Amino acid sequence: MHRGRGRGGPSSRGRGRGGRRDHGRAHPYHHSEKSRGPSRPEHQVFDLWQAEEIFPQAAPPPDDENMAKALATRHAQLTIDSVLLSQLMDHYNCVTTVLDNVIALQAPSDSPYIDKVRPVGTHRMRTAIRGDMTYQIVVMFKSWPTESDLETVCNRVKEDLEARLKANASGITAVATELDKSSFSLTVGQSTVQCLAAYQPESWLEKAQSNQVPLKDIEEALREVERTRWCDEHITHPSTRMVIKLLSDLRQRIHGFTHLSPWMATLLAYRAAVLPGRREALQLAQAFRRLLHSLSAGLCLASNAGVVDPCEKSTVNMHKPLGFNRQEELCCAAQTLLRLLSHGALREILALNKDCSVDFQSTMDCGGIIVNPSVCVLEQPVEKAS
């Protein structure tokens with residue numbers, strides 16, 4: 001018997017179990033610092049809807065009929081009035097028609113040269129709620145647009161719109177415009193069409209000049225096009241759109257949920273409504289309850305894998321831009337809403353009872369049961385005085 005042989009001996013380096021050579025294969029639980037990729041949390045929140053076979057229900061499932069009716073009632077209240085929506089769509093069609101004419105009649109040497117127009121945003125995805133009267137479109141330029149290019153296009157579209165309004169004798173002839181460094185807006189009555197400037201650079205190392213649209217705004221406009229394309233492929237079920245609208249409503253009323261962007265709300269609602277590996281969506285009540293369950297369990301906390309943004313080239317967590325404080329505020333708000341929901345305060349959550357609303361600053365009485373709001377425990381580090 002040779003000393004040093006066997007497991008753990010000095011001569012067993014580079015060998016596998018039992019002294020066999022491992023031919024340079026890395027151990028699955030040992031990674032060198034060079035081979036280790038960017039750290040990303042691998043913790044996943046517990047999801048009862050994905051563990052039904054392991055944790056079968058011991059009692060009959062809850063009757064969600066009343067909950068579904070309440071959610072449908074709130075969804076009906078969030079729906080934009082048909083007259084206002086028709087006016088917005090007419091305004092959008094007029095703007096896109098004018099831009100299409102500009103594209104068709106422009107010469108190759110014209111400046112600015114518009115390449116194409118793409119509708120984006122909540123109205124394009126049919127997830128807009130009451131109060132949202134802005135239709136967004138992305139105007140793709142062939143060269144890097146400048147602020148003067150945006151002003152030129154805005155003035156030309158405005159002139160054509162005013163001529164169309166006078167010809168239609170609709171009673172409204174004024175077109176209000178608003179111009180900034182990366183977009184311009186055209187407003188007729190209560191309807192607004194916002195045109196975002198975009199350009200596909202040959203190299204992302206290019207830098208914008210002082211009079212050109214900033215690169216970050218160009219990238220954001222291109223992201224909106226990618227997000228709209230993703231939603232066209234995945235947001236197909238009506239219940240998914242309803243969950244998005246209900247979550248958008250919470251974003252406007254509930255502290256903690258206000259930190260979410262429209263794109264974050266879309267991804268969270270899609271995750272709640274559609275189970276992995278399945279194309280069909282859950283019922284509305286189940287999807288809404290699953291949404292609160294996931295957020296309450298810490299789906300958007302830094303220690304969780306969260307939801308990966310499908311429109312980013314690299315692996316980026318959707319909730320990363322929120323920061324630690326806002327992530328915890330969102331989790332605490334979801335925990336409070338879930339406790340209220342379990343005690344029958346759904347109408348208060350949905351703001352169906354005007355006499356009673358959700359208050360995160362004090363205790364809430366739910367039919368004799370006192371619910372205390374969750375409190376954030378994250379403390380900012382105290383800087384030591386030098």
# chains A, B, ... in the order shown; residues from 1 in each chain; ligands from 1
call {"tool": "residues_around", "arguments": {"residues": "Val138 of chain A", "least_positions_apart": "6", "cutoff": "10 Å", "atoms": "only C-alpha atoms", "output": "NGL selection string"}}
result
:A and (116-121 or 183 or 194-199 or 218 or 221-222 or 224-225)
call {"tool": "write_last_selection", "arguments": {"atoms": "C-alpha atoms", "output": "short mmCIF file (atom, residue, chain, number, x, y, z; two decimals), in the first residue's frame"}}
result
data_model
loop_
_atom_site.label_atom_id
_atom_site.label_comp_id
_atom_site.auth_asym_id
_atom_site.auth_seq_id
_atom_site.Cartn_x
_atom_site.Cartn_y
_atom_site.Cartn_z
CA LYS A 116 -40.41 53.65 -40.07
CA VAL A 117 -42.98 54.09 -37.30
CA ARG A 118 -43.82 51.53 -34.60
CA PRO A 119 -46.70 51.75 -32.07
CA VAL A 120 -45.71 50.92 -28.49
CA GLY A 121 -46.98 51.35 -24.96
CA SER A 183 -39.64 63.18 -28.10
CA GLN A 194 -46.26 60.96 -27.99
CA CYS A 195 -43.58 60.29 -30.61
CA LEU A 196 -40.34 58.84 -29.24
CA ALA A 197 -37.23 59.32 -31.35
CA ALA A 198 -35.09 56.26 -32.08
CA TYR A 199 -32.17 55.28 -34.26
CA ILE A 218 -32.49 56.06 -27.91
CA ALA A 221 -37.18 53.75 -27.25
CA LEU A 222 -35.69 50.62 -28.82
CA GLU A 224 -40.14 49.76 -25.99
CA VAL A 225 -40.21 48.25 -29.48
#
call {"tool": "residues_around", "arguments": {"residues": "Leu260 of chain A", "least_positions_apart": "5", "cutoff": "12 Å", "atoms": "only C-alpha atoms", "output": "list in words"}}
result
Ile244, Leu247, Ser248, Asp249, Leu250, Arg251, Gln252, Arg253, Ile254, His255, Ala265, Thr266, Leu267, Leu268, Ala269, Cys300, Met318, His319, Lys320, Pro321, Leu322, Gly323, Arg326, Gln327, Glu329, Leu330 and Cys331 of chain A
call {"tool": "write_last_selection", "arguments": {"atoms": "N, CA, C and O atoms", "output": "compact mmCIF listing (two decimals), in the first residue's frame"}}
result
# COMPACT_ATOMS: atom_id res chain seq x y z
N ILE A 244 -52.86 42.72 -15.44
CA ILE A 244 -51.99 43.86 -15.67
C ILE A 244 -52.70 45.16 -15.32
O ILE A 244 -52.14 46.05 -14.67
N LEU A 247 -53.07 45.46 -11.52
CA LEU A 247 -51.80 45.82 -10.91
C LEU A 247 -51.43 47.26 -11.21
O LEU A 247 -50.86 47.96 -10.37
N SER A 248 -51.77 47.74 -12.40
CA SER A 248 -51.55 49.16 -12.72
C SER A 248 -52.38 50.06 -11.82
O SER A 248 -51.94 51.15 -11.44
N ASP A 249 -53.56 49.60 -11.45
CA ASP A 249 -54.39 50.36 -10.51
C ASP A 249 -53.75 50.41 -9.14
O ASP A 249 -53.74 51.46 -8.48
N LEU A 250 -53.18 49.29 -8.68
CA LEU A 250 -52.48 49.29 -7.40
C LEU A 250 -51.27 50.20 -7.44
O LEU A 250 -50.92 50.82 -6.42
N ARG A 251 -50.63 50.31 -8.60
CA ARG A 251 -49.47 51.20 -8.73
C ARG A 251 -49.85 52.66 -8.47
O ARG A 251 -49.02 53.44 -8.02
N GLN A 252 -51.07 53.01 -8.76
CA GLN A 252 -51.51 54.40 -8.59
C GLN A 252 -51.99 54.69 -7.17
O GLN A 252 -52.01 55.87 -6.77
N ARG A 253 -52.37 53.67 -6.41
CA ARG A 253 -53.03 53.91 -5.13
C ARG A 253 -52.26 53.41 -3.92
O ARG A 253 -52.35 54.00 -2.84
N ILE A 254 -51.51 52.32 -4.04
CA ILE A 254 -50.92 51.64 -2.89
C ILE A 254 -49.45 51.99 -2.79
O ILE A 254 -48.69 51.80 -3.75
N HIS A 255 -49.04 52.47 -1.63
CA HIS A 255 -47.63 52.77 -1.41
C HIS A 255 -46.82 51.47 -1.46
O HIS A 255 -47.19 50.46 -0.89
N ALA A 265 -44.75 45.88 -14.02
CA ALA A 265 -46.10 45.39 -13.75
C ALA A 265 -46.52 44.36 -14.79
O ALA A 265 -47.17 43.36 -14.46
N THR A 266 -46.14 44.55 -16.04
CA THR A 266 -46.49 43.60 -17.09
C THR A 266 -45.83 42.25 -16.84
O THR A 266 -46.48 41.20 -16.95
N LEU A 267 -44.54 42.25 -16.51
CA LEU A 267 -43.84 40.99 -16.27
C LEU A 267 -44.36 40.27 -15.03
O LEU A 267 -44.51 39.04 -15.03
N LEU A 268 -44.65 41.01 -13.97
CA LEU A 268 -45.17 40.39 -12.75
C LEU A 268 -46.56 39.79 -13.00
O LEU A 268 -46.86 38.69 -12.53
N ALA A 269 -47.39 40.51 -13.71
CA ALA A 269 -48.73 39.99 -14.00
C ALA A 269 -48.67 38.76 -14.90
O ALA A 269 -49.43 37.80 -14.70
N CYS A 300 -39.41 39.99 -5.28
CA CYS A 300 -38.64 41.14 -5.76
C CYS A 300 -37.61 41.63 -4.74
O CYS A 300 -37.18 42.79 -4.78
N MET A 318 -35.54 41.85 -13.28
CA MET A 318 -36.46 42.95 -13.53
C MET A 318 -36.49 43.95 -12.39
O MET A 318 -36.61 45.16 -12.60
N HIS A 319 -36.37 43.49 -11.13
CA HIS A 319 -36.54 44.36 -9.98
C HIS A 319 -35.24 45.02 -9.53
O HIS A 319 -35.23 45.77 -8.55
N LYS A 320 -34.14 44.77 -10.21
CA LYS A 320 -32.85 45.31 -9.77
C LYS A 320 -32.84 46.83 -9.71
O LYS A 320 -32.26 47.41 -8.78
N PRO A 321 -33.44 47.56 -10.66
CA PRO A 321 -33.39 49.03 -10.58
C PRO A 321 -34.12 49.63 -9.38
O PRO A 321 -33.94 50.82 -9.11
N LEU A 322 -34.91 48.85 -8.66
CA LEU A 322 -35.68 49.41 -7.56
C LEU A 322 -34.80 49.82 -6.38
O LEU A 322 -35.10 50.79 -5.69
N GLY A 323 -33.74 49.06 -6.12
CA GLY A 323 -32.95 49.33 -4.93
C GLY A 323 -33.50 48.60 -3.72
O GLY A 323 -34.66 48.16 -3.70
N ARG A 326 -36.83 50.18 -1.79
CA ARG A 326 -38.08 50.06 -2.52
C ARG A 326 -38.49 48.60 -2.68
O ARG A 326 -39.70 48.28 -2.69
N GLN A 327 -37.53 47.71 -2.82
CA GLN A 327 -37.86 46.29 -2.88
C GLN A 327 -38.55 45.83 -1.60
O GLN A 327 -39.55 45.10 -1.64
N GLU A 329 -40.16 47.79 0.59
CA GLU A 329 -41.46 48.45 0.69
C GLU A 329 -42.51 47.73 -0.15
O GLU A 329 -43.67 47.59 0.28
N LEU A 330 -42.12 47.26 -1.32
CA LEU A 330 -43.04 46.50 -2.17
C LEU A 330 -43.43 45.20 -1.50
O LEU A 330 -44.62 44.81 -1.49
N CYS A 331 -42.46 44.50 -0.91
CA CYS A 331 -42.75 43.23 -0.23
C CYS A 331 -43.67 43.45 0.96
O CYS A 331 -44.63 42.69 1.16
call {"tool": "closest_residue", "arguments": {"among": "A:Leu48, A:Ser191, A:Ala345, A:Pro145", "to": "Ser210 of chain A", "atoms": "only C-alpha atoms"}}
result
A:Pro145
call {"tool": "closest_residue", "arguments": {"among": "A:Arg130, A:His259, A:Arg279, A:Arg164", "to": "Thr236 of chain A", "atoms": "only C-alpha atoms"}}
result
A:Arg279
call {"tool": "select_by_dssp", "arguments": {"residues": "segment 174-264 of chain A", "states": "helix (DSSP H, G or I)", "output": "PyMOL selection string"}}
result
chain A and resi 215-234+238-253+257-259+262-264
call {"tool": "write_last_selection", "arguments": {"atoms": "C-alpha atoms", "output": "PDB file, in the first residue's frame"}}
result
ATOM      1  CA  LEU A 215     -28.096  57.605 -26.219  1.00  0.00           C
ATOM      2  CA  LYS A 216     -30.003  56.459 -23.111  1.00  0.00           C
ATOM      3  CA  ASP A 217     -33.259  57.793 -24.604  1.00  0.00           C
ATOM      4  CA  ILE A 218     -32.495  56.056 -27.912  1.00  0.00           C
ATOM      5  CA  GLU A 219     -31.935  52.768 -26.066  1.00  0.00           C
ATOM      6  CA  GLU A 220     -35.157  53.180 -24.073  1.00  0.00           C
ATOM      7  CA  ALA A 221     -37.185  53.751 -27.252  1.00  0.00           C
ATOM      8  CA  LEU A 222     -35.686  50.625 -28.823  1.00  0.00           C
ATOM      9  CA  ARG A 223     -36.517  48.689 -25.648  1.00  0.00           C
ATOM     10  CA  GLU A 224     -40.140  49.756 -25.989  1.00  0.00           C
ATOM     11  CA  VAL A 225     -40.212  48.248 -29.481  1.00  0.00           C
ATOM     12  CA  GLU A 226     -38.756  44.959 -28.171  1.00  0.00           C
ATOM     13  CA  ARG A 227     -41.188  44.885 -25.250  1.00  0.00           C
ATOM     14  CA  THR A 228     -44.156  45.434 -27.529  1.00  0.00           C
ATOM     15  CA  ARG A 229     -43.004  42.593 -29.774  1.00  0.00           C
ATOM     16  CA  TRP A 230     -42.637  40.313 -26.726  1.00  0.00           C
ATOM     17  CA  CYS A 231     -46.125  41.212 -25.482  1.00  0.00           C
ATOM     18  CA  ASP A 232     -47.630  40.469 -28.892  1.00  0.00           C
ATOM     19  CA  GLU A 233     -46.259  36.933 -28.594  1.00  0.00           C
ATOM     20  CA  HIS A 234     -47.017  36.226 -24.918  1.00  0.00           C
ATOM     21  CA  PRO A 238     -57.747  38.189 -21.557  1.00  0.00           C
ATOM     22  CA  SER A 239     -57.176  37.290 -17.893  1.00  0.00           C
ATOM     23  CA  THR A 240     -53.495  38.236 -18.217  1.00  0.00           C
ATOM     24  CA  ARG A 241     -54.439  41.692 -19.493  1.00  0.00           C
ATOM     25  CA  MET A 242     -56.950  42.058 -16.671  1.00  0.00           C
ATOM     26  CA  VAL A 243     -54.284  41.274 -14.063  1.00  0.00           C
ATOM     27  CA  ILE A 244     -51.987  43.863 -15.675  1.00  0.00           C
ATOM     28  CA  LYS A 245     -54.722  46.499 -15.415  1.00  0.00           C
ATOM     29  CA  LEU A 246     -55.492  45.621 -11.806  1.00  0.00           C
ATOM     30  CA  LEU A 247     -51.797  45.815 -10.906  1.00  0.00           C
ATOM     31  CA  SER A 248     -51.549  49.157 -12.723  1.00  0.00           C
ATOM     32  CA  ASP A 249     -54.395  50.360 -10.513  1.00  0.00           C
ATOM     33  CA  LEU A 250     -52.478  49.288  -7.399  1.00  0.00           C
ATOM     34  CA  ARG A 251     -49.473  51.201  -8.733  1.00  0.00           C
ATOM     35  CA  GLN A 252     -51.507  54.399  -8.585  1.00  0.00           C
ATOM     36  CA  ARG A 253     -53.030  53.914  -5.126  1.00  0.00           C
ATOM     37  CA  PHE A 257     -46.536  49.336  -5.593  1.00  0.00           C
ATOM     38  CA  THR A 258     -45.936  52.892  -6.851  1.00  0.00           C
ATOM     39  CA  HIS A 259     -42.274  51.985  -7.333  1.00  0.00           C
ATOM     40  CA  PRO A 262     -45.396  49.705 -16.378  1.00  0.00           C
ATOM     41  CA  TRP A 263     -42.982  47.110 -17.776  1.00  0.00           C
ATOM     42  CA  MET A 264     -42.349  45.639 -14.309  1.00  0.00           C
TER      43      MET A 264
END
call {"tool": "closest_atom_pairs", "arguments": {"of": "segment 149-246 of chain A", "to": "segment 79-102 of chain A", "cutoff": "12 Å", "atoms": "only C-alpha atoms", "output": "CSV"}}
result
residue,atom,partner,partner_atom,distance
A:Thr152,CA,A:Val102,CA,11.8
A:Val153,CA,A:Leu99,CA,8.8
A:Cys154,CA,A:Leu99,CA,10.1
A:Asn155,CA,A:Val98,CA,11.7
A:Arg156,CA,A:Val98,CA,8.9
A:Val157,CA,A:Val98,CA,6.3
A:Lys158,CA,A:Val95,CA,8.8
A:Glu159,CA,A:Val98,CA,9.8
A:Asp160,CA,A:Val98,CA,6.8
A:Leu161,CA,A:Cys94,CA,7.1
A:Glu162,CA,A:Cys94,CA,10.5
A:Ala163,CA,A:Val98,CA,11.0
A:Arg164,CA,A:Cys94,CA,8.3
A:Leu165,CA,A:Cys94,CA,9.6
A:Asn168,CA,A:Cys94,CA,11.7
A:Ser170,CA,A:Gln87,CA,11.3
A:Ile172,CA,A:His91,CA,11.6
A:Val175,CA,A:His91,CA,10.6
A:Ser185,CA,A:Val95,CA,10.5
A:Leu186,CA,A:Val95,CA,8.5
A:Thr187,CA,A:His91,CA,8.5
A:Val188,CA,A:His91,CA,7.3
A:Gly189,CA,A:Gln87,CA,8.7
A:Gln190,CA,A:Leu84,CA,7.8
A:Ser191,CA,A:Leu88,CA,5.0
A:Thr192,CA,A:Leu88,CA,7.2
A:Val193,CA,A:Tyr92,CA,6.2
A:Gln194,CA,A:Tyr92,CA,9.5
A:Cys195,CA,A:Val95,CA,9.6
A:Arg241,CA,A:Thr79,CA,11.6
A:Met242,CA,A:Thr79,CA,10.0
A:Lys245,CA,A:Thr79,CA,8.8
A:Leu246,CA,A:Thr79,CA,10.5
call {"tool": "select_by_dssp", "arguments": {"residues": "segment 306-381 of chain A", "states": "strand (DSSP E or B)", "output": "short mmCIF file (atom, residue, chain, number, x, y, z; two decimals) with N, CA, C and O atoms, in the first residue's frame"}}
result
data_model
loop_
_atom_site.label_atom_id
_atom_site.label_comp_id
_atom_site.auth_asym_id
_atom_site.auth_seq_id
_atom_site.Cartn_x
_atom_site.Cartn_y
_atom_site.Cartn_z
N VAL A 308 -36.54 37.42 -14.66
CA VAL A 308 -35.54 37.87 -15.63
C VAL A 308 -36.22 38.66 -16.74
O VAL A 308 -37.26 38.24 -17.26
N ASN A 317 -32.18 40.97 -13.66
CA ASN A 317 -33.41 40.86 -12.88
C ASN A 317 -34.27 42.09 -13.09
O ASN A 317 -33.77 43.23 -13.07
N MET A 364 -55.78 48.31 10.77
CA MET A 364 -57.03 48.24 10.01
C MET A 364 -57.92 47.17 10.59
O MET A 364 -57.45 46.08 10.93
N ASP A 365 -59.20 47.49 10.71
CA ASP A 365 -60.19 46.58 11.28
C ASP A 365 -60.91 45.86 10.15
O ASP A 365 -61.58 46.47 9.32
N CYS A 366 -60.79 44.53 10.12
CA CYS A 366 -61.46 43.71 9.11
C CYS A 366 -62.48 42.81 9.79
O CYS A 366 -62.19 41.66 10.14
N ILE A 369 -61.26 41.80 13.20
CA ILE A 369 -59.87 41.33 13.18
C ILE A 369 -58.97 42.50 12.86
O ILE A 369 -59.14 43.18 11.85
N ILE A 370 -58.00 42.75 13.74
CA ILE A 370 -57.09 43.88 13.58
C ILE A 370 -55.88 43.42 12.76
O ILE A 370 -55.23 42.43 13.08
N VAL A 371 -55.60 44.14 11.69
CA VAL A 371 -54.47 43.84 10.81
C VAL A 371 -53.47 44.98 10.93
O VAL A 371 -53.81 46.15 10.69
#
call {"tool": "residues_around", "arguments": {"residues": "Cys332 of chain A", "least_positions_apart": "3", "cutoff": "8 Å", "atoms": "only C-alpha atoms", "output": "ChimeraX atom specification"}}
result
/A:256,296,328-329,335-336,373-376
call {"tool": "write_last_selection", "arguments": {"atoms": "C-alpha atoms", "output": "mmCIF file, in the first residue's frame"}}
result
data_model
loop_
_atom_site.group_PDB
_atom_site.id
_atom_site.type_symbol
_atom_site.label_atom_id
_atom_site.label_comp_id
_atom_site.auth_asym_id
_atom_site.auth_seq_id
_atom_site.Cartn_x
_atom_site.Cartn_y
_atom_site.Cartn_z
ATOM 1 C CA GLY A 256 -44.894 50.327 -2.331
ATOM 2 C CA SER A 296 -45.240 38.636 -0.220
ATOM 3 C CA GLU A 328 -38.645 45.881 0.813
ATOM 4 C CA GLU A 329 -41.461 48.450 0.694
ATOM 5 C CA GLN A 335 -47.806 41.152 2.728
ATOM 6 C CA THR A 336 -50.288 43.646 4.160
ATOM 7 C CA PRO A 373 -49.287 46.725 8.307
ATOM 8 C CA SER A 374 -45.890 45.176 7.723
ATOM 9 C CA VAL A 375 -42.973 47.400 8.654
ATOM 10 C CA CYS A 376 -39.675 47.600 6.794
#
call {"tool": "closest_residue", "arguments": {"among": "A:His123, A:Phe360, A:Pro112, A:Asn325", "to": "Glu379 of chain A", "atoms": "only C-alpha atoms"}}
result
A:Asn325
